[in-house]
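Q: Pasting work.tsv below, which is TSV, C-alpha atoms and all ligand atoms.
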```tsv
chain	number	residue	atom	x	y	z
A	1	MET	CA	-11.12	1.00	-2.45
A	2	THR	CA	-14.32	-0.85	-3.10
A	3	THR	CA	-15.88	-3.94	-1.65
A	4	SER	CA	-15.72	-7.33	-3.28
A	5	ALA	CA	-18.38	-9.98	-3.26
A	6	THR	CA	-18.08	-13.03	-1.11
A	7	ASN	CA	-20.95	-15.40	-0.67
A	8	ALA	CA	-19.43	-18.01	1.62
A	9	CYS	CA	-18.95	-17.83	5.38
A	10	ASN	CA	-15.31	-17.21	6.36
A	11	VAL	CA	-15.63	-19.68	9.23
A	12	CYS	CA	-17.71	-22.67	8.00
A	13	ARG	CA	-17.84	-21.97	4.23
A	14	GLY	CA	-21.64	-22.20	4.34
A	15	PRO	CA	-23.65	-20.03	1.92
A	16	LEU	CA	-24.57	-16.55	3.18
A	17	ASP	CA	-28.15	-15.40	2.92
A	18	THR	CA	-29.58	-12.00	2.12
A	19	PRO	CA	-27.67	-9.22	3.92
A	20	LEU	CA	-29.07	-8.08	7.28
A	21	TYR	CA	-27.79	-4.57	6.73
A	22	HIS	CA	-26.48	-2.14	4.08
A	23	SER	CA	-24.73	1.11	4.98
A	24	ALA	CA	-25.76	4.35	3.29
A	25	GLU	CA	-24.53	4.46	-0.30
A	26	GLY	CA	-20.78	5.16	-0.45
A	27	GLN	CA	-20.59	5.96	3.25
A	28	SER	CA	-19.03	3.74	5.85
A	29	LEU	CA	-16.56	4.10	8.71
A	30	THR	CA	-13.32	2.30	9.46
A	31	SER	CA	-12.35	1.02	12.90
A	32	LEU	CA	-9.94	3.99	12.99
A	33	CYS	CA	-13.00	6.26	12.76
A	34	ARG	CA	-12.35	7.48	9.24
A	35	LEU	CA	-15.01	7.86	6.59
A	36	HIS	CA	-14.59	5.29	3.86
A	37	PRO	CA	-16.19	5.71	0.43
A	38	SER	CA	-17.80	2.30	0.24
A	39	THR	CA	-21.12	0.67	0.90
A	40	ILE	CA	-20.98	-2.28	3.24
A	41	GLU	CA	-23.18	-5.33	3.43
A	42	VAL	CA	-23.39	-7.43	6.57
A	43	CYS	CA	-24.58	-11.05	6.47
A	44	ALA	CA	-25.21	-13.65	9.17
A	45	CYS	CA	-24.41	-17.32	8.65
A	46	ALA	CA	-27.35	-19.54	9.61
A	47	ARG	CA	-25.04	-22.56	9.80
A	48	CYS	CA	-22.48	-21.37	12.41
A	49	GLY	CA	-23.82	-18.01	13.69
A	50	HIS	CA	-20.91	-15.99	12.25
A	51	LEU	CA	-21.47	-12.41	11.10
A	52	GLN	CA	-19.56	-11.18	8.10
A	53	THR	CA	-18.98	-7.92	6.24
A	54	ARG	CA	-18.17	-7.91	2.54
A	55	THR	CA	-14.45	-7.44	2.25
A	56	ILE	CA	-12.52	-4.41	1.13
A	57	GLU	CA	-10.73	-5.10	-2.13
A	58	ASN	CA	-6.98	-4.87	-2.00
A	59	VAL	CA	-7.00	-5.60	1.69
A	60	ASP	CA	-3.19	-6.10	1.87
A	61	ALA	CA	-2.50	-2.59	0.61
A	62	PHE	CA	-4.95	-1.19	3.19
A	63	TYR	CA	-2.96	-2.64	6.09
A	64	ASP	CA	0.44	-1.81	4.63
A	65	HIS	CA	-0.31	1.83	3.96
A	66	ASP	CA	-3.50	3.00	5.61
A	67	TYR	CA	-3.60	1.16	8.89
A	68	ASP	CA	-1.58	3.19	11.36
A	69	ILE	CA	-3.22	2.43	14.67
A	70	LEU	CA	-1.53	4.39	17.43
A	71	VAL	CA	1.85	4.69	15.75
A	72	ASP	CA	2.27	8.30	16.83
A	73	SER	CA	4.09	7.58	20.03
A	74	GLU	CA	5.28	4.91	22.37
A	75	GLU	CA	2.94	5.90	25.16
A	76	GLU	CA	-0.18	6.59	23.16
A	77	ASP	CA	-2.88	4.22	24.32
A	78	GLN	CA	-6.64	3.91	24.40
A	79	ILE	CA	-8.64	4.26	27.57
A	80	TYR	CA	-10.29	1.01	28.61
A	81	GLU	CA	-12.34	2.64	31.34
A	82	MET	CA	-12.34	5.42	33.93
A	83	ARG	CA	-12.18	4.32	37.56
A	84	ALA	CA	-12.79	7.02	40.16
A	85	GLY	CA	-11.73	9.64	37.63
A	86	THR	CA	-8.50	7.84	36.69
A	87	PRO	CA	-8.06	6.32	33.24
A	88	ILE	CA	-7.26	2.61	33.03
A	89	TYR	CA	-5.45	2.07	29.76
A	90	ARG	CA	-6.18	-0.76	27.40
A	91	THR	CA	-2.66	-2.21	27.37
A	92	ALA	CA	-2.51	-2.49	31.17
A	93	HIS	CA	-5.96	-4.08	31.21
A	94	GLN	CA	-5.02	-6.59	28.50
A	95	VAL	CA	-1.90	-7.66	30.40
A	96	ARG	CA	-3.91	-8.19	33.57
A	97	VAL	CA	-6.59	-10.23	31.80
A	98	LEU	CA	-3.97	-12.36	30.05
A	99	ARG	CA	-2.22	-13.12	33.35
A	100	ASP	CA	-5.50	-13.86	35.13
A	101	THR	CA	-6.70	-16.09	32.31
A	102	LEU	CA	-3.58	-18.07	31.48
A	103	GLY	CA	-2.55	-18.49	35.09
A	104	ASP	CA	0.76	-20.30	34.82
A	105	ILE	CA	3.02	-18.24	32.57
A	106	ALA	CA	6.21	-18.96	34.47
A	107	PRO	CA	9.31	-18.54	32.32
A	108	PRO	CA	10.99	-19.90	30.36
A	109	LEU	CA	8.07	-19.47	27.99
A	110	LEU	CA	8.29	-19.14	24.22
A	111	LEU	CA	5.57	-16.73	23.17
A	112	LEU	CA	4.53	-15.53	19.72
A	113	ASP	CA	2.28	-12.50	19.27
A	114	TYR	CA	0.60	-13.09	15.90
A	115	GLY	CA	-0.67	-10.04	14.00
A	116	CYS	CA	1.06	-8.03	16.67
A	117	ALA	CA	1.17	-4.37	15.45
A	118	LYS	CA	3.14	-2.51	18.16
A	119	SER	CA	2.67	-5.45	20.54
A	120	SER	CA	2.33	-3.10	23.51
A	121	THR	CA	0.63	-5.82	25.55
A	122	ILE	CA	3.45	-8.34	25.14
A	123	ARG	CA	6.06	-5.64	25.69
A	124	THR	CA	4.44	-4.76	29.03
A	125	LEU	CA	4.06	-8.45	29.94
A	126	CYS	CA	7.77	-9.05	29.23
A	127	GLU	CA	8.71	-6.12	31.47
A	128	GLN	CA	6.88	-7.92	34.27
A	129	GLU	CA	8.20	-11.39	33.36
A	130	PRO	CA	11.70	-11.00	31.92
A	131	GLY	CA	12.04	-14.77	31.39
A	132	ILE	CA	9.40	-14.81	28.65
A	133	VAL	CA	10.98	-15.00	25.19
A	134	PRO	CA	8.82	-12.85	22.89
A	135	HIS	CA	8.46	-13.44	19.15
A	136	LEU	CA	6.40	-11.25	16.84
A	137	TYR	CA	4.63	-11.62	13.51
A	138	ASP	CA	2.78	-9.07	11.42
A	139	VAL	CA	1.96	-8.44	7.77
A	140	SER	CA	3.43	-4.94	7.93
A	141	ALA	CA	7.01	-3.74	8.52
A	142	ARG	CA	5.87	-0.39	9.89
A	143	TYR	CA	6.10	-1.42	13.54
A	144	GLU	CA	9.73	-2.60	13.45
A	145	PRO	CA	11.01	0.49	15.32
A	146	PHE	CA	8.80	-0.56	18.27
A	147	TRP	CA	9.84	-4.22	18.11
A	148	GLU	CA	13.58	-3.44	18.14
A	149	LYS	CA	13.22	-2.09	21.65
A	150	PHE	CA	12.23	-5.35	23.31
A	151	VAL	CA	12.67	-8.28	20.94
A	152	PRO	CA	16.06	-9.70	19.83
A	153	PRO	CA	16.67	-9.55	16.06
A	154	GLY	CA	15.62	-12.79	14.40
A	155	ASN	CA	12.66	-13.20	16.74
A	156	TRP	CA	10.25	-11.34	14.52
A	157	ALA	CA	8.88	-12.10	11.05
A	158	ILE	CA	6.93	-10.12	8.46
A	159	LYS	CA	4.46	-11.71	6.03
A	160	GLN	CA	6.03	-15.22	6.36
A	161	THR	CA	7.05	-17.21	9.39
A	162	PRO	CA	10.41	-19.06	9.30
A	163	PRO	CA	10.32	-22.89	9.08
A	164	GLY	CA	12.05	-23.11	12.49
A	165	TRP	CA	8.90	-21.72	14.17
A	166	LEU	CA	6.80	-24.82	13.40
A	167	GLY	CA	5.53	-26.55	16.53
A	168	ARG	CA	7.71	-24.28	18.67
A	169	PHE	CA	5.60	-22.00	20.85
A	170	ASP	CA	4.15	-22.54	24.30
A	171	VAL	CA	1.65	-19.73	23.74
A	172	VAL	CA	0.52	-17.88	20.64
A	173	THR	CA	-1.42	-14.66	21.28
A	174	SER	CA	-3.64	-12.63	19.00
A	175	PHE	CA	-4.99	-9.26	20.15
A	176	PHE	CA	-7.71	-7.83	17.96
A	177	SER	CA	-6.44	-9.14	14.64
A	178	LEU	CA	-8.63	-12.09	13.55
A	179	GLU	CA	-11.56	-9.78	12.85
A	180	HIS	CA	-9.56	-8.26	9.97
A	181	ILE	CA	-8.66	-11.48	8.17
A	182	PRO	CA	-10.95	-12.92	5.45
A	183	THR	CA	-8.94	-16.17	5.28
A	184	VAL	CA	-9.31	-16.65	9.01
A	185	ILE	CA	-9.55	-20.45	8.88
A	186	ALA	CA	-6.26	-20.77	6.96
A	187	THR	CA	-4.69	-18.25	9.35
A	188	MET	CA	-5.82	-20.18	12.42
A	189	ARG	CA	-4.54	-23.45	10.96
A	190	HIS	CA	-1.19	-21.75	10.42
A	191	VAL	CA	-1.25	-20.45	14.00
A	192	VAL	CA	-1.94	-23.97	15.26
A	193	SER	CA	1.02	-25.31	13.26
A	194	LEU	CA	3.28	-22.94	15.23
A	195	ILE	CA	2.01	-24.05	18.67
A	196	ARG	CA	3.76	-27.00	20.33
A	197	PRO	CA	1.58	-30.02	21.21
A	198	GLY	CA	-0.11	-29.13	24.51
A	199	GLY	CA	0.58	-25.40	23.97
A	200	ARG	CA	-2.12	-22.74	24.05
A	201	PHE	CA	-3.74	-20.12	21.88
A	202	TYR	CA	-4.90	-16.93	23.60
A	203	GLY	CA	-6.94	-14.45	21.60
A	204	ILE	CA	-9.14	-11.37	21.94
A	205	VAL	CA	-11.67	-10.37	19.30
A	206	PRO	CA	-14.53	-7.85	19.40
A	207	ASN	CA	-17.92	-9.06	20.58
A	208	VAL	CA	-20.43	-7.45	18.26
A	209	VAL	CA	-23.33	-8.19	20.59
A	210	THR	CA	-21.86	-6.10	23.43
A	211	ASN	CA	-20.00	-3.60	21.22
A	212	VAL	CA	-22.46	-2.84	18.45
A	213	ALA	CA	-20.05	-0.45	16.66
A	214	ASP	CA	-18.28	-3.53	15.45
A	215	PHE	CA	-21.32	-4.34	13.30
A	216	VAL	CA	-20.79	-1.39	10.94
A	217	VAL	CA	-17.01	-0.95	10.59
A	218	VAL	CA	-15.87	-1.59	7.05
A	219	ASP	CA	-12.48	-3.13	7.86
A	220	HIS	CA	-13.75	-5.83	10.22
A	221	CYS	CA	-14.81	-8.57	7.85
A	222	ASN	CA	-15.38	-11.01	10.73
A	223	HIS	CA	-17.68	-10.44	13.69
A	224	PHE	CA	-17.35	-13.48	15.89
A	225	THR	CA	-20.06	-14.95	18.07
A	226	VAL	CA	-19.81	-17.74	20.66
A	227	PRO	CA	-20.86	-20.47	18.20
A	228	SER	CA	-18.70	-19.16	15.32
A	229	LEU	CA	-15.64	-18.90	17.59
A	230	ALA	CA	-16.17	-22.44	18.84
A	231	ARG	CA	-16.44	-23.65	15.26
A	232	LEU	CA	-13.32	-21.72	14.17
A	233	LEU	CA	-11.16	-23.08	17.00
A	234	SER	CA	-12.37	-26.62	16.51
A	235	ASP	CA	-11.93	-26.59	12.71
A	236	ALA	CA	-8.41	-25.22	13.19
A	237	GLY	CA	-7.56	-28.22	15.39
A	238	LEU	CA	-7.83	-26.71	18.88
A	239	ILE	CA	-9.76	-27.74	21.99
A	240	THR	CA	-11.66	-24.75	23.34
A	241	GLU	CA	-10.99	-24.12	27.03
A	242	ARG	CA	-12.70	-20.79	27.43
A	243	ILE	CA	-14.75	-18.24	25.52
A	244	ASP	CA	-15.31	-15.42	28.02
A	245	ASP	CA	-17.47	-12.37	27.35
A	246	SER	CA	-16.97	-10.54	30.65
A	247	MET	CA	-13.24	-9.99	31.25
A	248	HIS	CA	-12.72	-7.45	28.46
A	249	ARG	CA	-15.71	-5.23	27.83
A	250	GLY	CA	-17.02	-5.48	24.27
A	251	ALA	CA	-14.79	-8.44	23.45
A	252	PHE	CA	-14.33	-12.18	23.74
A	253	VAL	CA	-11.29	-13.60	25.49
A	254	VAL	CA	-10.53	-17.02	24.08
A	255	VAL	CA	-8.23	-19.78	25.31
A	256	ALA	CA	-7.77	-23.03	23.41
A	257	ARG	CA	-5.28	-25.86	23.62
A	258	LYS	CA	-3.53	-27.87	20.93
A	259	PRO	CA	-3.97	-31.59	21.67
A	260	GLU	CA	-0.86	-33.41	22.91
A	261	ARG	CA	-1.40	-36.00	20.22
A	262	GLY	CA	-3.97	-36.78	17.55
A	263	THR	CA	-6.64	-34.29	16.55
A	264	ALA	CA	-9.15	-32.20	18.46
A	265	PRO	CA	-12.69	-33.56	18.63
A	266	ALA	CA	-15.11	-31.72	16.32
A	267	GLU	CA	-17.20	-29.02	17.98
A	268	SER	CA	-20.93	-29.59	17.76
A	269	ASN	CA	-22.96	-26.42	18.10
A	270	ASP	CA	-26.59	-26.79	18.94
A	271	GLY	CA	-29.17	-25.27	16.62
A	272	PRO	CA	-31.00	-23.19	19.25
A	273	THR	CA	-27.75	-21.37	20.23
A	274	ILE	CA	-27.15	-20.46	16.61
A	275	GLU	CA	-30.77	-19.37	16.18
A	276	ARG	CA	-30.60	-17.17	19.29
A	277	THR	CA	-27.34	-15.67	18.07
A	278	CYS	CA	-28.81	-14.88	14.65
A	279	ALA	CA	-31.84	-13.23	16.30
A	280	ALA	CA	-29.53	-10.99	18.40
A	281	LEU	CA	-27.58	-10.02	15.27
A	282	SER	CA	-30.78	-9.14	13.50
A	283	GLY	CA	-31.69	-6.83	16.41
A	284	ILE	CA	-28.35	-4.99	16.03
A	285	ALA	CA	-29.03	-4.55	12.31
A	286	ASP	CA	-32.37	-2.88	13.25
A	287	PHE	CA	-30.55	-0.57	15.69
A	288	TRP	CA	-28.13	0.67	13.02
A	289	ARG	CA	-30.84	1.06	10.38
A	290	ASP	CA	-32.64	3.45	12.77
A	291	ALA	CA	-29.62	5.23	14.27
A	292	ALA	CA	-28.81	7.78	11.56
A	293	GLY	CA	-32.51	8.68	11.25
A	294	ARG	CA	-32.73	9.28	15.01
A	295	VAL	CA	-29.73	11.63	14.89
A	296	ARG	CA	-31.38	13.70	12.16
A	297	GLN	CA	-34.68	13.73	14.01
A	298	PHE	CA	-32.89	15.22	17.04
A	299	GLU	CA	-31.08	17.68	14.79
A	300	ARG	CA	-34.40	18.96	13.41
A	301	THR	CA	-35.42	19.97	16.94
A	302	LEU	CA	-32.41	22.33	17.22
A	303	PRO	CA	-32.43	25.99	16.14
A	304	GLY	CA	-31.12	26.26	12.55
A	305	ASP	CA	-27.72	27.69	13.40
A	306	ALA	CA	-27.22	25.93	16.76
A	307	GLU	CA	-23.81	24.44	17.37
A	308	VAL	CA	-23.46	21.08	19.08
A	309	ALA	CA	-20.64	19.16	20.73
A	310	VAL	CA	-20.02	15.47	20.22
A	311	TYR	CA	-18.89	13.51	23.26
A	312	GLY	CA	-16.31	10.99	22.10
A	313	ALA	CA	-13.51	11.25	19.57
A	314	GLY	CA	-13.86	7.62	18.60
A	315	PHE	CA	-16.08	5.44	16.48
A	316	TYR	CA	-19.49	6.48	17.81
A	317	GLY	CA	-18.45	10.15	17.69
A	318	ALA	CA	-17.47	9.77	14.06
A	319	PHE	CA	-20.77	8.03	13.30
A	320	LEU	CA	-22.80	10.84	14.90
A	321	ARG	CA	-20.90	13.43	12.97
A	322	ALA	CA	-21.39	11.56	9.68
A	323	SER	CA	-25.10	11.21	10.40
A	324	LEU	CA	-25.84	14.92	10.88
A	325	ALA	CA	-27.42	16.72	7.95
A	326	GLU	CA	-25.25	19.76	8.85
A	327	ALA	CA	-21.93	18.30	10.04
A	328	GLU	CA	-20.50	21.81	10.28
A	329	ARG	CA	-22.66	22.54	13.32
A	330	VAL	CA	-20.23	20.42	15.39
A	331	ALA	CA	-18.18	22.94	17.39
A	332	CYS	CA	-15.91	20.42	19.08
A	333	HIS	CA	-15.53	16.89	20.36
A	334	LEU	CA	-15.23	16.19	24.08
A	335	ASP	CA	-13.18	13.28	25.39
A	336	ASN	CA	-11.68	12.16	28.70
A	337	ASN	CA	-8.62	10.63	27.03
A	338	PRO	CA	-5.67	12.99	27.67
A	339	PHE	CA	-3.91	11.64	24.56
A	340	LEU	CA	-6.76	12.92	22.41
A	341	GLN	CA	-7.30	16.25	24.14
A	342	GLY	CA	-5.63	19.14	22.33
A	343	LYS	CA	-5.66	17.22	19.05
A	344	SER	CA	-8.26	17.54	16.34
A	345	PHE	CA	-10.74	14.92	15.20
A	346	ASN	CA	-12.00	15.25	11.62
A	347	GLY	CA	-10.90	18.90	11.74
A	348	LYS	CA	-12.56	19.84	15.06
A	349	PRO	CA	-10.77	20.33	18.38
A	350	VAL	CA	-10.94	17.64	21.06
A	351	LEU	CA	-11.49	19.23	24.47
A	352	PRO	CA	-11.75	17.91	28.02
A	353	PRO	CA	-15.47	17.85	28.97
A	354	ALA	CA	-14.95	20.70	31.46
A	355	GLN	CA	-14.11	23.00	28.54
A	356	LEU	CA	-17.49	22.57	26.86
A	357	PRO	CA	-18.20	26.07	25.45
A	358	ALA	CA	-21.04	27.82	27.31
A	359	HIS	CA	-22.95	28.65	24.09
A	360	VAL	CA	-23.23	24.99	23.08
A	361	GLY	CA	-26.64	23.78	24.21
A	362	ALA	CA	-26.63	20.18	22.98
A	363	VAL	CA	-24.22	17.27	23.18
A	364	LEU	CA	-24.49	14.14	21.09
A	365	ILE	CA	-23.14	11.23	23.09
A	366	GLY	CA	-20.82	9.13	20.96
A	367	LEU	CA	-20.31	6.19	23.32
A	368	ASN	CA	-21.27	2.54	23.29
A	369	PRO	CA	-25.02	2.75	24.03
A	370	ALA	CA	-24.67	-0.16	26.48
A	371	HIS	CA	-22.59	2.03	28.84
A	372	ALA	CA	-23.18	5.59	27.67
A	373	ARG	CA	-25.60	6.69	30.38
A	374	ARG	CA	-23.42	5.34	33.18
A	375	VAL	CA	-20.31	7.05	31.76
A	376	VAL	CA	-22.10	10.36	31.24
A	377	ALA	CA	-23.49	10.32	34.79
A	378	ASP	CA	-19.88	10.55	36.03
A	379	ILE	CA	-19.03	13.67	34.00
A	380	PRO	CA	-19.96	16.81	35.97
A	381	ALA	CA	-19.66	19.12	32.91
A	382	LEU	CA	-22.51	17.25	31.22
A	383	ALA	CA	-24.86	17.75	34.16
A	384	ARG	CA	-25.46	21.42	33.20
A	385	PRO	CA	-29.25	21.80	33.62
A	386	ASP	CA	-29.81	23.61	30.29
A	387	LEU	CA	-27.84	21.04	28.29
A	388	ARG	CA	-29.71	18.68	25.93
A	389	LEU	CA	-28.13	15.25	25.51
A	390	PHE	CA	-28.71	12.85	22.64
A	391	PHE	CA	-28.03	9.15	23.22
A	392	LEU	CA	-27.77	6.58	20.45
B	1	ZN	ZN	-20.67	-20.04	8.97
```
Could you take the file, read its structure, and then write that structure out as structure tokens?
A:
Amino acid sequence: MTTSATNACNVCRGPLDTPLYHSAEGQSLTSLCRLHPSTIEVCACARCGHLQTRTIENVDAFYDHDYDILVDSEEEDQIYEMRAGTPIYRTAHQVRVLRDTLGDIAPPLLLLDYGCAKSSTIRTLCEQEPGIVPHLYDVSARYEPFWEKFVPPGNWAIKQTPPGWLGRFDVVTSFFSLEHIPTVIATMRHVVSLIRPGGRFYGIVPNVVTNVADFVVVDHCNHFTVPSLARLLSDAGLITERIDDSMHRGAFVVVARKPERGTAPAESNDGPTIERTCAALSGIADFWRDAAGRVRQFERTLPGDAEVAVYGAGFYGAFLRASLAEAERVACHLDNNPFLQGKSFNGKPVLPPAQLPAHVGAVLIGLNPAHARRVVADIPALARPDLRLFFL
């Protein structure tokens, strides 16, 4: 796969300026932490504050065949955070945030999860609220075995929605899907056509400012900001009720309402907000330009044959590994997620932190730099006095 050129903003169609960032030639990472043989370019839109990555060609085939997020098992889940040594899983957190945010979700409620993948969040929600009538939509048929277990036949659609769904739903949800869609405006207009007048849209998308990994993943063509989200919702015909950056770490939680009648008033973003947003994005570009160089600088301070461990079998861990001059010096990855422990990550074992081999004298911390030090402070195995730690 290669990248294709696009010079217009996916949200406002404004022209995109010179890229803020290029990845190393032929070397980028996907959101599933795999190396991808392409060079990415990331541009900011001065008109609406959106950030955009040049799109992978043949994007449909990528999702049909290559995009297998957590399809290994029913229970497999990602850790949202550790609380007092106990993992809080992402699905449980997403259900709680949805309930807290939407408030009144008393059944009967017609709900559509759009771009749903396994739809673990809606499945868990429906277990708690059996009166909710779930409907599902995705571009891929690969998740059907999961859907069959909680959705009646006829209540899911693949690639095309049936005409009977128009104007039908009380709530349409979208969990981490809009960031993948180049034609996001057309998609959101379609979503709005499926919501009943007065019904709501509830979405979660990554927040690149608080989760900087999002800046460099090749398969996220959209990186939303507060002004670009407001513009997207308004242009799609919705009235924004909430754009929250605190309920789900590293993400925006968005609620918007379809007007009962007529059209939504146009959103007017103020220039200074967009300018501030663009300045923050430019700072993240600087961080990533320096990051690989800093990893190699640290590596040069190690004895030639020294092995290291990488904390994290996720995106940042994969980035650290890809940035080392001698990737083979990685002995293992460490991770708190029990679903990852015992597996391998890019050919190296994933161990619980307590099993860090005694001969490994350095650990590269592959965690979101905004939280890495706090997380590491809670891991006794990394407090070994002779251990050298590298933070992004
Ligand atoms: Zn724009």
Q: Contacts between ligand ZN 1 (chain B) and chain A, please, where a residue of chain A counts if it comes within 9 Å (with all atoms listed in the file); show its shortest atom pair and distance in Å to one decimal, rows by chain and ascending number, as a tab-separated table.
A:
```
residue	atom	partner	partner_atom	distance
A:Ala8	CA	B:ZN1	ZN	7.7
A:Cys9	CA	B:ZN1	ZN	4.6
A:Asn10	CA	B:ZN1	ZN	6.6
A:Val11	CA	B:ZN1	ZN	5.1
A:Cys12	CA	B:ZN1	ZN	4.1
A:Arg13	CA	B:ZN1	ZN	5.8
A:Gly14	CA	B:ZN1	ZN	5.2
A:Pro15	CA	B:ZN1	ZN	7.7
A:Leu16	CA	B:ZN1	ZN	7.8
A:Ala44	CA	B:ZN1	ZN	7.8
A:Cys45	CA	B:ZN1	ZN	4.6
A:Ala46	CA	B:ZN1	ZN	6.7
A:Arg47	CA	B:ZN1	ZN	5.1
A:Cys48	CA	B:ZN1	ZN	4.1
A:Gly49	CA	B:ZN1	ZN	6.0
A:His50	CA	B:ZN1	ZN	5.2
A:Leu51	CA	B:ZN1	ZN	8.0
A:Gln52	CA	B:ZN1	ZN	9.0
A:Ser228	CA	B:ZN1	ZN	6.7
A:Arg231	CA	B:ZN1	ZN	8.4
```
Q: Which residue, A:Cys116, A:Val376, A:Gly237, A:Ala84, has the smallest gap to Arg142 (chain A) when you use only C-alpha atoms?
A: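 Among the listed residues, the smallest separation from Arg142 (chain A) belongs to A:Cys116.
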Q: For a quick check of understanding, using all atoms listed in the file, which of A:Cys332, A:Leu109, A:Ile195, A:Val226 has the smallest distance to Arg257 (chain A)?
A: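 Nearest candidate to Arg257 (chain A) out of A:Cys332, A:Leu109, A:Ile195, A:Val226: A:Ile195.
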Q: Determine, counting only C-alpha atoms, which protein, DNA and RNA residues have an atom within 10 Å of an atom of Phe319 (chain A); residues of the same chain fewer than 4 positions away are not included. Present the result as a list of chain:residue names.
A: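 Final neighbour list, sorted by chain and number: A:Ser28, A:Leu29, A:Cys33, A:Arg34, A:Leu35, A:Ala213, A:Val216, A:Ala291, A:Ala292, A:Val295, A:Gly314, A:Phe315, A:Ser323, A:Leu324, A:Gly366.
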Q: CA of Ala322 (chain A) and CA of Thr39 (chain A), how far apart in Å?
A: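 Here the two named atoms are 14.0 Å from each other.
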Q: Quick one: pull the distance between CA of Ile122 (chain A) and CA of Val254 (chain A), Å, one decimal.
A: 16.5 Å
Q: Could you tell me how far CA of Phe345 (chain A) sits from CA of Ser140 (chain A), in Å to one decimal place?
A: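 The value is 25.5 Å.
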